[in-house]
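As provided, target-v1.txt (compact mmCIF, C-alpha atoms) reads as follows.
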# COMPACT_ATOMS: atom_id res chain seq x y z
CA MET A 8 -28.87 -2.20 21.30
CA SER A 9 -32.46 -2.40 20.16
CA GLY A 10 -34.02 -5.42 21.83
CA LEU A 11 -31.00 -7.67 21.77
CA SER A 12 -29.56 -9.12 24.93
CA ARG A 13 -25.91 -8.58 25.72
CA ARG A 14 -25.43 -12.36 25.62
CA GLY A 15 -26.98 -12.54 22.13
CA PHE A 16 -24.82 -9.68 20.94
CA MET A 17 -21.68 -11.27 22.38
CA ALA A 18 -22.42 -14.61 20.73
CA SER A 19 -23.01 -12.97 17.37
CA ALA A 20 -19.88 -10.87 17.69
CA ALA A 21 -17.81 -13.92 18.57
CA VAL A 22 -19.09 -15.64 15.44
CA ALA A 23 -18.19 -12.58 13.36
CA SER A 24 -14.71 -12.39 14.84
CA ALA A 25 -14.04 -16.10 14.33
CA ALA A 26 -15.30 -15.99 10.74
CA LEU A 27 -12.98 -13.15 9.83
CA ALA A 28 -10.01 -14.65 11.61
CA SER A 29 -10.51 -18.13 10.16
CA GLY A 30 -6.98 -18.83 9.09
CA ARG A 31 -6.37 -15.42 7.52
CA VAL A 32 -5.10 -13.30 10.38
CA GLU A 33 -2.27 -14.61 12.52
CA ALA A 34 -2.58 -13.79 16.19
CA ALA A 35 0.70 -11.87 16.22
CA THR A 36 -0.26 -9.70 13.24
CA LEU A 37 -2.42 -6.73 14.03
CA PRO A 38 -4.57 -5.46 11.19
CA LEU A 39 -4.06 -2.02 9.71
CA LEU A 40 -6.69 0.31 11.17
CA LEU A 41 -7.52 3.46 9.20
CA HIS A 42 -9.99 6.25 9.80
CA ASP A 43 -11.10 9.65 8.62
CA ALA A 44 -10.51 11.97 11.58
CA GLN A 45 -13.12 14.39 10.23
CA LEU A 46 -15.91 11.83 10.61
CA ALA A 47 -17.40 11.35 14.08
CA ALA A 48 -17.68 7.60 13.40
CA GLY A 49 -14.01 7.53 12.40
CA ARG A 50 -12.98 9.28 15.61
CA ARG A 51 -15.08 6.89 17.70
CA PHE A 52 -13.49 3.91 15.92
CA ALA A 53 -10.00 5.32 16.59
CA THR A 54 -10.78 6.12 20.23
CA ARG A 55 -12.06 2.59 20.90
CA ALA A 56 -9.04 1.06 19.17
CA GLN A 57 -6.76 3.17 21.35
CA LEU A 58 -8.59 2.07 24.50
CA LEU A 59 -8.00 -1.51 23.38
CA GLY A 60 -4.27 -0.90 22.97
CA ALA A 61 -4.02 -0.31 19.22
CA GLN A 62 -3.73 2.70 16.97
CA ALA A 63 -6.06 3.61 14.13
CA LEU A 64 -4.15 5.84 11.74
CA ALA A 65 -5.80 8.92 10.32
CA LEU A 66 -5.82 9.20 6.54
CA GLU A 67 -4.19 12.52 5.73
CA GLY A 68 -2.17 14.24 3.04
CA ASP A 69 -1.22 12.21 -0.02
CA ARG A 70 -3.39 9.13 0.37
CA VAL A 71 -1.55 7.22 -2.36
CA ARG A 72 1.88 7.59 -0.74
CA GLN A 73 0.51 7.03 2.74
CA THR A 74 -1.37 3.88 1.74
CA ARG A 75 1.55 2.39 -0.17
CA ALA A 76 3.88 3.00 2.77
CA LEU A 77 1.41 1.42 5.20
CA LEU A 78 0.85 -1.62 2.98
CA ALA A 79 4.62 -2.18 2.73
CA THR A 80 4.34 -3.74 6.20
CA ALA A 81 1.98 -6.37 4.69
CA PRO A 82 -0.78 -6.28 7.32
CA ALA A 83 -3.02 -9.34 7.30
CA ALA A 84 -6.16 -7.21 7.06
CA ILE A 85 -7.36 -3.62 6.77
CA PHE A 86 -10.26 -2.27 8.82
CA ALA A 87 -11.33 1.28 8.02
CA VAL A 88 -14.00 3.89 8.72
CA THR A 89 -13.85 6.50 5.95
CA ARG A 90 -15.73 8.51 3.36
CA ARG A 91 -16.60 6.94 0.02
CA SER A 92 -13.73 8.69 -1.80
CA ASP A 93 -11.10 7.19 0.53
CA GLU A 94 -12.76 3.79 0.42
CA LEU A 95 -12.43 3.85 -3.36
CA LEU A 96 -8.87 5.19 -3.53
CA VAL A 97 -7.35 3.24 -0.64
CA GLY A 98 -9.33 0.16 -1.64
CA GLU A 99 -7.94 0.28 -5.18
CA ILE A 100 -4.37 0.63 -3.93
CA ALA A 101 -4.91 -2.25 -1.51
CA ALA A 102 -6.39 -4.42 -4.28
CA GLU A 103 -3.29 -3.76 -6.39
CA ALA A 104 -1.21 -4.90 -3.40
CA GLY A 105 -3.06 -8.22 -3.17
CA TYR A 106 -6.01 -7.50 -0.88
CA ARG A 107 -9.66 -8.27 -1.51
CA ARG A 108 -12.71 -6.65 0.04
CA VAL A 109 -14.82 -8.88 2.26
CA ALA A 110 -17.19 -6.27 3.69
CA LEU A 111 -18.45 -2.78 2.96
CA VAL A 112 -21.03 -1.26 5.31
CA ARG A 113 -22.63 2.09 4.49
CA HIS A 114 -24.22 4.03 7.33
CA GLY A 115 -26.52 6.85 6.29
CA ALA A 116 -27.47 9.99 8.20
CA ASP A 117 -31.05 8.69 8.24
CA GLY A 118 -30.01 5.65 10.31
CA ARG A 119 -30.22 3.21 7.42
CA MET A 120 -27.45 0.72 6.97
CA THR A 121 -26.64 -1.29 3.86
CA ALA A 122 -23.91 -3.87 3.45
CA ARG A 123 -22.16 -5.66 0.63
CA CYS A 124 -20.22 -8.63 1.92
CA THR A 125 -18.63 -11.76 0.53
CA ALA A 126 -19.45 -15.08 2.18
CA ASP A 127 -16.55 -14.77 4.62
CA GLY A 128 -17.52 -11.19 5.49
CA ALA A 129 -21.26 -11.77 5.93
CA SER A 130 -20.91 -11.86 9.70
CA VAL A 131 -19.71 -8.23 9.58
CA HIS A 132 -23.16 -7.29 8.27
CA VAL A 133 -24.84 -9.15 11.11
CA LEU A 134 -22.61 -7.52 13.71
CA ALA A 135 -23.28 -4.08 12.18
CA GLN A 136 -27.03 -4.63 12.45
CA LEU A 137 -26.84 -5.95 16.00
CA SER A 138 -24.58 -3.22 17.32
CA GLY A 139 -26.70 -0.35 16.00
CA MET A 140 -25.36 3.03 17.12
CA ALA A 141 -22.38 1.36 18.83
CA TRP A 142 -21.03 0.15 15.47
CA PRO A 143 -17.78 2.19 15.41
CA GLU A 144 -16.81 0.73 18.79
CA ALA A 145 -17.93 -2.81 17.91
CA PHE A 146 -16.04 -2.57 14.60
CA ALA A 147 -12.82 -1.68 16.47
CA GLU A 148 -13.35 -4.63 18.80
CA LEU A 149 -13.89 -6.93 15.83
CA ALA A 150 -10.75 -5.64 14.13
CA LEU A 151 -8.64 -6.27 17.21
CA ASP A 152 -10.28 -9.60 18.07
CA LYS A 153 -11.39 -8.19 21.41
CA VAL A 154 -15.08 -8.88 21.09
CA GLY A 155 -16.56 -9.11 24.53
CA GLN A 156 -15.21 -5.80 25.73
CA CYS A 157 -18.22 -3.97 24.33
CA ALA A 158 -18.51 -0.27 24.92
CA VAL A 159 -21.73 1.28 26.14
CA ALA A 160 -23.98 2.05 23.18
CA SER A 161 -23.88 5.65 22.06
CA HIS A 162 -27.07 7.65 22.22
CA SER A 163 -25.98 9.87 19.35
CA ARG A 164 -27.82 9.85 16.07
CA ALA A 165 -26.65 7.94 13.02
CA GLU A 166 -23.41 9.14 11.50
CA PRO A 167 -22.78 8.83 7.77
CA ALA A 168 -19.67 6.75 7.10
CA LEU A 169 -18.38 3.64 5.37
CA SER A 170 -16.75 0.83 7.30
CA TRP A 171 -14.90 -1.72 5.28
CA VAL A 172 -12.63 -4.74 5.58
CA MET A 173 -10.02 -6.12 3.21
CA VAL A 174 -7.86 -9.22 3.69
CA ARG A 175 -4.77 -10.54 1.92
CA ARG A 176 -5.55 -12.96 -0.88
Take the structure from the file and write it as structure tokens.
Amino acid sequence: MSGLSRRGFMASAAVASAALASGRVEAATLPLLLHDAQLAAGRRFATRAQLLGAQALALEGDRVRQTRALLATAPAAIFAVTRRSDELLVGEIAAEAGYRRVALVRHGADGRMTARCTADGASVHVLAQLSGMAWPEAFAELALDKVGQCAVASHSRAEPALSWVMVRR
């Protein structure tokens, strides 16, 4: 985790989790977790979610039908690790259903990370920077409000992917 103590990481992650949960996500409502099973980062996100007792659903087949069916359950938030095309398509369908994007983090193959976040999603950017290569796992922990159960950082190289968060308006 590049020069950051575990205690510093945990404090930052707790801030990120609290900022996202601030009145938007009820404790009894799990967010919708989505991933692209063909992306290594997506599989890592799904694996960590499963270890934490949740399921990240793979985007497959007709994305429009799948997304509309999933949003019919009115999840409080959507956390996803996908390719750009799915981020655009699923994001548009979610926006039509009353969701707004609070964070979009792009991870490049060269290790660079860029983020576009609203004020209430800015902590996602900080957590992404602090977690480094362990971002897919930290993102799952953030989504499930289980920050503090951090996985061991991966020693793999950067994996291109987009992680994004949407919440109900």
For CA of Ala65 in chain A and CA of Thr121 in chain A, determine how far apart the two atoms are, in Å to one decimal place. 24.1 Å
Of the candidates A:Gly128, A:Pro82, A:Gly139, A:Gly115, which one gets nearest to Leu39 in chain A if we count only C-alpha atoms? A:Pro82
Residue contacts of Arg55 in chain A (8 Å, only C-alpha atoms) excluding same-chain residues fewer than 6 positions away, as a ChimeraX atom specification: /A:143-144,147-148
Taking C-alpha atoms for each residue, export the selection above as a short mmCIF file (atom, residue, chain, number, x, y, z; two decimals), in the coordinates of the input.
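After the write, out33.cif holds the following:
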data_model
loop_
_atom_site.label_atom_id
_atom_site.label_comp_id
_atom_site.auth_asym_id
_atom_site.auth_seq_id
_atom_site.Cartn_x
_atom_site.Cartn_y
_atom_site.Cartn_z
CA PRO A 143 -17.78 2.19 15.41
CA GLU A 144 -16.81 0.73 18.79
CA ALA A 147 -12.82 -1.68 16.47
CA GLU A 148 -13.35 -4.63 18.80
#
Nearest candidate to Leu169 in chain A (options A:Leu95, A:Leu37, A:Leu149, A:Met140; using all atoms listed in the file): A:Leu95
Could you check which of A:Leu111, A:Ala76, A:Val174, A:Val88 is closest to Ala48 in chain A, using only C-alpha atoms?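 Smallest distance to Ala48 in chain A is found for A:Val88.
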Fewer than 4 positions away in the same chain doesn't count, so skip those; otherwise give me all residues within 12 Å of Ala104 in chain A, counting only C-alpha atoms, as number ranges by chain. A: 74-85, 97-100, 173-176
Could you work out an axis-aligned box for range 51-56 of chain A, taking every atom the file lists and adding 6 Å on each side, and report centre and edge lengths in Å to one decimal, as JSON?
{"center_x": -12.1, "center_y": 4.0, "center_z": 18.4, "size_x": 18.0, "size_y": 17.8, "size_z": 17.0}
Select, from A:Leu64, A:Leu96, A:Ala102, A:Leu151, the residue with the minimum atom-to-atom distance to Gly49 in chain A, counting only C-alpha atoms. A:Leu64
Please indicate the distance in Å from CA of Gln45 in chain A to CA of Phe146 in chain A, rounded to one decimal place. 17.8 Å
For Leu41 in chain A, the closest of A:Asp69, A:Asp93, A:Asp127, A:Glu103 counting only C-alpha atoms is A:Asp93
Rank A:Phe86, A:Ala150, A:Arg107, A:Gln136 by their smallest atom-to-atom distance to Gly60 in chain A, using all atoms listed in the file, and report the top residue only.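 Closest residue, counting all atoms listed in the file: A:Ala150.
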